[in-house]
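J.: You'll find protein-v2.txt just under this line, and it carries compact mmCIF, C-alpha atoms.
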# COMPACT_ATOMS: atom_id res chain seq x y z
CA MET A 6 10.77 42.13 -20.33
CA LYS A 7 10.42 39.38 -17.75
CA SER A 8 12.16 39.80 -14.43
CA PRO A 9 15.09 37.36 -13.89
CA LEU A 10 14.29 37.41 -10.17
CA LYS A 11 10.76 36.11 -10.80
CA TRP A 12 12.07 33.32 -13.06
CA THR A 13 14.72 32.38 -10.49
CA ALA A 14 12.08 32.24 -7.75
CA LEU A 15 9.77 30.17 -9.98
CA ALA A 16 12.61 27.77 -10.83
CA GLY A 17 13.36 27.43 -7.10
CA VAL A 18 9.72 26.60 -6.33
CA VAL A 19 9.61 24.02 -9.14
CA LEU A 20 12.87 22.44 -7.90
CA ILE A 21 11.59 22.24 -4.31
CA ALA A 22 8.32 20.66 -5.52
CA ALA A 23 10.25 18.11 -7.60
CA ILE A 24 12.48 17.18 -4.66
CA ALA A 25 9.47 16.85 -2.32
CA THR A 26 7.72 14.59 -4.85
CA ALA A 27 10.84 12.45 -5.29
CA VAL A 28 11.23 12.07 -1.53
CA THR A 29 7.57 11.21 -0.82
CA THR A 30 6.99 8.90 -3.80
CA PRO A 31 8.73 5.56 -3.27
CA ALA A 32 10.42 3.86 -6.22
CA PRO A 33 8.21 0.93 -7.25
CA LEU A 34 9.37 -2.58 -6.37
CA PRO A 35 8.55 -5.51 -8.67
CA TRP A 36 5.07 -6.94 -8.04
CA SER A 37 6.57 -10.44 -8.32
CA ALA A 38 8.23 -9.80 -4.92
CA THR A 39 4.80 -10.00 -3.25
CA ALA A 40 4.20 -13.59 -4.43
CA GLY A 41 3.34 -16.13 -1.75
CA LYS A 42 1.72 -16.21 1.66
CA PRO A 43 4.11 -15.58 4.55
CA LYS A 44 4.32 -18.20 7.31
CA VAL A 45 3.14 -16.00 10.16
CA GLU A 46 1.32 -17.47 13.13
CA PRO A 47 -1.48 -15.28 14.53
CA GLY A 48 -0.21 -13.34 17.55
CA SER A 49 3.42 -14.42 17.04
CA THR A 50 4.55 -10.97 15.87
CA THR A 51 3.22 -7.47 15.23
CA GLY A 52 2.98 -6.46 11.60
CA CYS A 53 0.98 -5.71 8.49
CA PHE A 54 1.60 -8.23 5.72
CA LEU A 55 0.81 -7.83 2.01
CA TRP A 56 1.07 -10.66 -0.49
CA SER A 57 -0.30 -11.90 -3.79
CA ASP A 58 -1.45 -15.40 -4.64
CA LYS A 59 -2.54 -15.91 -8.25
CA ASP A 60 -5.34 -13.36 -8.76
CA THR A 61 -5.83 -12.42 -5.09
CA VAL A 62 -4.10 -9.72 -3.04
CA THR A 63 -4.19 -10.06 0.76
CA VAL A 64 -3.49 -7.47 3.43
CA MET A 65 -3.34 -9.03 6.92
CA THR A 66 -2.52 -7.59 10.34
CA THR A 67 -1.52 -9.42 13.50
CA THR A 68 -0.21 -8.37 16.87
CA GLN A 69 1.10 -9.81 20.11
CA SER A 70 -1.11 -7.42 22.10
CA LYS A 71 -4.03 -9.01 23.96
CA LYS A 72 -5.64 -5.59 24.47
CA GLY A 73 -5.41 -4.89 20.73
CA LEU A 74 -3.73 -2.39 18.46
CA ARG A 75 -5.39 -0.15 15.85
CA TRP A 76 -4.21 -0.48 12.23
CA ASN A 77 -5.32 1.95 9.51
CA GLY A 78 -4.25 1.70 5.91
CA ARG A 79 -4.83 2.67 2.33
CA ILE A 80 -4.23 0.77 -0.89
CA GLU A 81 -4.29 2.78 -4.10
CA VAL A 82 -3.72 1.48 -7.60
CA ARG A 83 -2.99 3.27 -10.85
CA GLY A 84 -3.75 1.53 -14.11
CA ALA A 85 -6.12 -0.98 -12.50
CA THR A 86 -9.21 -1.23 -10.31
CA ILE A 87 -9.75 -3.08 -7.04
CA VAL A 88 -12.46 -5.74 -7.36
CA ALA A 89 -14.43 -7.94 -4.95
CA PRO A 90 -12.89 -6.85 -1.61
CA ARG A 91 -13.83 -9.13 1.29
CA GLY A 92 -12.88 -9.11 4.96
CA MET A 93 -11.09 -11.85 6.89
CA LYS A 94 -11.99 -12.58 10.52
CA ASP A 95 -13.36 -9.08 11.03
CA GLU A 96 -14.88 -8.19 14.38
CA LYS A 97 -17.14 -5.30 15.38
CA ARG A 98 -14.49 -2.56 15.17
CA ASP A 99 -12.92 -3.82 11.93
CA GLY A 100 -13.81 -2.77 8.46
CA PHE A 101 -12.84 -1.51 5.04
CA SER A 102 -14.32 0.78 2.42
CA GLN A 103 -13.77 1.42 -1.25
CA PRO A 104 -14.29 5.17 -1.77
CA LYS A 105 -13.11 4.92 -5.41
CA PRO A 106 -12.69 1.95 -7.77
CA ASN A 107 -8.92 2.18 -7.36
CA VAL A 108 -8.78 2.89 -3.59
CA LEU A 109 -9.31 0.61 -0.60
CA GLU A 110 -9.11 1.89 3.00
CA PHE A 111 -9.10 -0.34 6.06
CA SER A 112 -9.21 -0.07 9.83
CA PHE A 113 -8.63 -3.06 12.11
CA ASP A 114 -8.53 -3.44 15.88
CA THR A 115 -6.22 -6.45 15.96
CA HIS A 116 -5.65 -8.55 19.06
CA THR A 117 -3.60 -11.78 19.18
CA ASN A 118 -5.32 -13.08 16.06
CA VAL A 119 -5.43 -11.73 12.50
CA ASP A 120 -7.57 -9.24 10.62
CA GLY A 121 -7.42 -8.46 6.96
CA VAL A 122 -8.92 -7.90 3.56
CA LYS A 123 -8.58 -9.79 0.28
CA PHE A 124 -9.27 -8.39 -3.17
CA GLY A 125 -8.55 -8.77 -6.85
CA LEU A 126 -7.03 -6.38 -9.37
CA LYS A 127 -8.56 -5.75 -12.78
CA PRO A 128 -6.08 -4.17 -15.21
CA ASP A 129 -7.20 -1.06 -17.07
CA PRO A 130 -6.81 -1.90 -20.77
CA LYS A 131 -5.80 1.72 -21.45
CA ALA A 132 -2.90 1.51 -18.96
CA THR A 133 0.08 -0.06 -20.65
CA PRO A 134 3.78 0.30 -19.91
CA SER A 135 4.33 1.74 -23.40
CA GLY A 136 4.02 5.28 -24.67
CA ASP A 137 2.98 8.15 -22.44
CA THR A 138 0.74 6.08 -20.17
CA PRO A 139 2.27 5.49 -16.70
CA LYS A 140 2.96 1.92 -15.65
CA PRO A 141 0.31 0.25 -13.46
CA VAL A 142 1.32 0.62 -9.80
CA LEU A 143 -0.07 -0.48 -6.41
CA CYS A 144 0.81 1.73 -3.44
CA ALA A 145 0.19 0.61 0.16
CA GLY A 146 0.53 2.68 3.31
CA VAL A 147 -0.28 1.74 6.90
CA LYS A 148 -0.38 3.32 10.35
CA LEU A 149 -0.21 1.56 13.71
CA GLU A 150 -1.91 3.40 16.57
CA GLY A 151 -2.06 6.53 14.37
CA ASN A 152 1.65 6.58 13.45
CA VAL A 153 3.43 5.50 10.29
CA THR A 154 5.10 2.22 11.15
CA PRO A 155 8.07 0.27 9.80
CA LYS A 156 6.12 -2.95 10.49
CA LEU A 157 4.95 -3.29 6.88
CA TYR A 158 6.05 -6.51 5.16
CA TYR A 159 5.47 -8.11 1.75
CA GLY A 160 5.81 -11.50 0.09
CA ALA A 161 6.41 -15.02 1.34
CA LYS A 162 9.73 -14.32 3.13
CA PRO A 163 8.35 -11.78 4.52
CA THR A 164 10.45 -8.76 3.57
CA ALA A 165 10.30 -5.43 5.43
CA ALA A 166 9.13 -2.67 3.10
CA PRO A 167 11.87 -0.13 2.39
CA SER A 168 9.36 2.69 2.87
CA ASN A 169 5.84 3.30 4.12
CA PRO A 170 4.02 3.81 1.85
CA VAL A 171 5.53 1.24 -0.48
CA ALA A 172 4.84 1.01 -4.21
CA PHE A 173 4.87 -1.98 -6.56
CA ASP A 174 5.16 -1.98 -10.36
CA LEU A 175 2.34 -4.32 -11.44
CA THR A 176 4.09 -5.11 -14.74
CA ARG A 177 7.20 -6.68 -13.15
Please go through the file and, once you have read it, give me the structure as structure tokens.
T.:
Amino acid sequence: MKSPLKWTALAGVVLIAAIATAVTTPAPLPWSATAGKPKVEPGSTTGCFLWSDKDTVTVMTTTQSKKGLRWNGRIEVRGATIVAPRGMKDEKRDGFSQPKPNVLEFSFDTHTNVDGVKFGLKPDPKATPSGDTPKPVLCAGVKLEGNVTPKLYYGAKPTAAPSNPVAFDLTR
């Protein structure tokens, strides 16, 4: 006979794990909200901006600091791959890497100009919003000077992300 105490403890662990997952996984926003380049002048503000324009996704950082601020970030997609990443105005201490086809990591030392990376998304034909397959999602997280920052914005407005990381449903 199984011990009720063991089952109660196991149920408690499962519940705690479910709550932790729900808290750390942001609810996906519609990808359509990222449409359009924001009107941000280099050095006019401090922030990390993400937007989409046709088939290109752009992640751009800018800061008002003349001595520079360090940005580190990670883009991860499910149900798609990241293709043809290319840097924008990168200097010696700027760069990005693609450790997996669906992951892009970047590190920028941004002064009063802009740094960034542009890339495309290639949908995985097996990933569809029907059946048991999860919906395609893009998740973006960024740190400023080693700390999670609220200065993550998306779309043409630009809109402050409700969480960092922030997730987008690529089907909406």
J.: Which polymer residues have any atom within 12 Å of an atom of region 75-79 of chain A, counting all atoms listed in the file, with same-chain residues fewer than 5 positions away left out, as a ChimeraX atom specification?
T.: /A:51-55,64-68,70,98-105,107-116,119-122,143-154,156-157,169-172
J.: Interatomic distance between CA of Gly73 (chain A) and CA of Pro167 (chain A)?
T.: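 We find that CA of Gly73 (chain A) and CA of Pro167 (chain A) lie 25.6 Å from each other.
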J.: Which polymer residues have any atom within 8 Å of an atom of Tyr159 (chain A), counting all atoms listed in the file, with same-chain residues fewer than 5 positions away left out, as an MDAnalysis selection string?
T.: chainID A and resid 38:39 54:56 164:166
J.: Atoms to include: C-alpha atoms. Write the selected residues as a CSV table (one decimal), keeping the file's coordinate frame.
T.:
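Contents of result_8.csv, as written:
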chain,number,residue,atom,x,y,z
A,38,ALA,CA,8.2,-9.8,-4.9
A,39,THR,CA,4.8,-10.0,-3.2
A,54,PHE,CA,1.6,-8.2,5.7
A,55,LEU,CA,0.8,-7.8,2.0
A,56,TRP,CA,1.1,-10.7,-0.5
A,164,THR,CA,10.4,-8.8,3.6
A,165,ALA,CA,10.3,-5.4,5.4
A,166,ALA,CA,9.1,-2.7,3.1
J.: Identify which of the residues A:Arg91, A:Lys140, A:Lys162, A:Lys123 lies closest to Arg177 (chain A), counting only C-alpha atoms when measuring atom-to-atom distances.
T.: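 Residue with the minimum atom-to-atom distance to Arg177 (chain A): A:Lys140.
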J.: Skipping near chain neighbours, those fewer than 4 positions away, what residues fall within 6 Å of Thr61 (chain A) using all atoms listed in the file, listed as a list of chain:residue names?
T.: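 With the cut-off at 6 Å, the set is A:Ser57, A:Phe124, A:Gly125.
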J.: What gap, in Å, lies between CA of Gly92 (chain A) and CA of Ala32 (chain A)?
T.: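 Separating CA of Gly92 (chain A) from CA of Ala32 (chain A) is a distance of 28.9 Å.
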J.: Skipping near chain neighbours, those fewer than 2 positions away, what residues fall within 6 Å of Pro43 (chain A) using only C-alpha atoms, listed as a list in words?
T.: Val45, Ala161, Lys162 and Pro163 of chain A
J.: Please produce an output containing C-alpha atoms for each residue in the selection, written as a PDB file, in the frame of the given file.
T.:
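As a result, out_10.pdb now contains:
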ATOM      1  CA  VAL A  45       3.140 -16.000  10.160  1.00  0.00           C
ATOM      2  CA  ALA A 161       6.410 -15.020   1.340  1.00  0.00           C
ATOM      3  CA  LYS A 162       9.730 -14.320   3.130  1.00  0.00           C
ATOM      4  CA  PRO A 163       8.350 -11.780   4.520  1.00  0.00           C
TER       5      PRO A 163
END
J.: So, counting all atoms listed in the file, which residue among A:Pro106, A:Val142, A:Gly160, A:Gly48 is closest to Leu175 (chain A)?
T.: A:Val142
J.: Just give me the gap between CA of Met93 (chain A) and CA of Pro155 (chain A) in Å, one decimal is fine.
T.: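 Atom-to-atom, CA of Met93 (chain A) and CA of Pro155 (chain A) are spaced 22.9 Å apart.
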J.: Under the rule that all atoms listed in the file are counted, which of A:Leu34, A:Pro141, A:Thr176, A:Ser168 is the nearest residue to Glu81 (chain A)?
T.: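 Counting all atoms listed in the file, the residue closest to Glu81 (chain A) is A:Pro141.
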J.: Pick the closest to Glu46 (chain A) from A:Leu74, A:Thr86, A:Thr117, A:Pro130: which is it, counting all atoms listed in the file?
T.: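 Comparing A:Leu74, A:Thr86, A:Thr117, A:Pro130 against Glu46 (chain A), the winner is A:Thr117.
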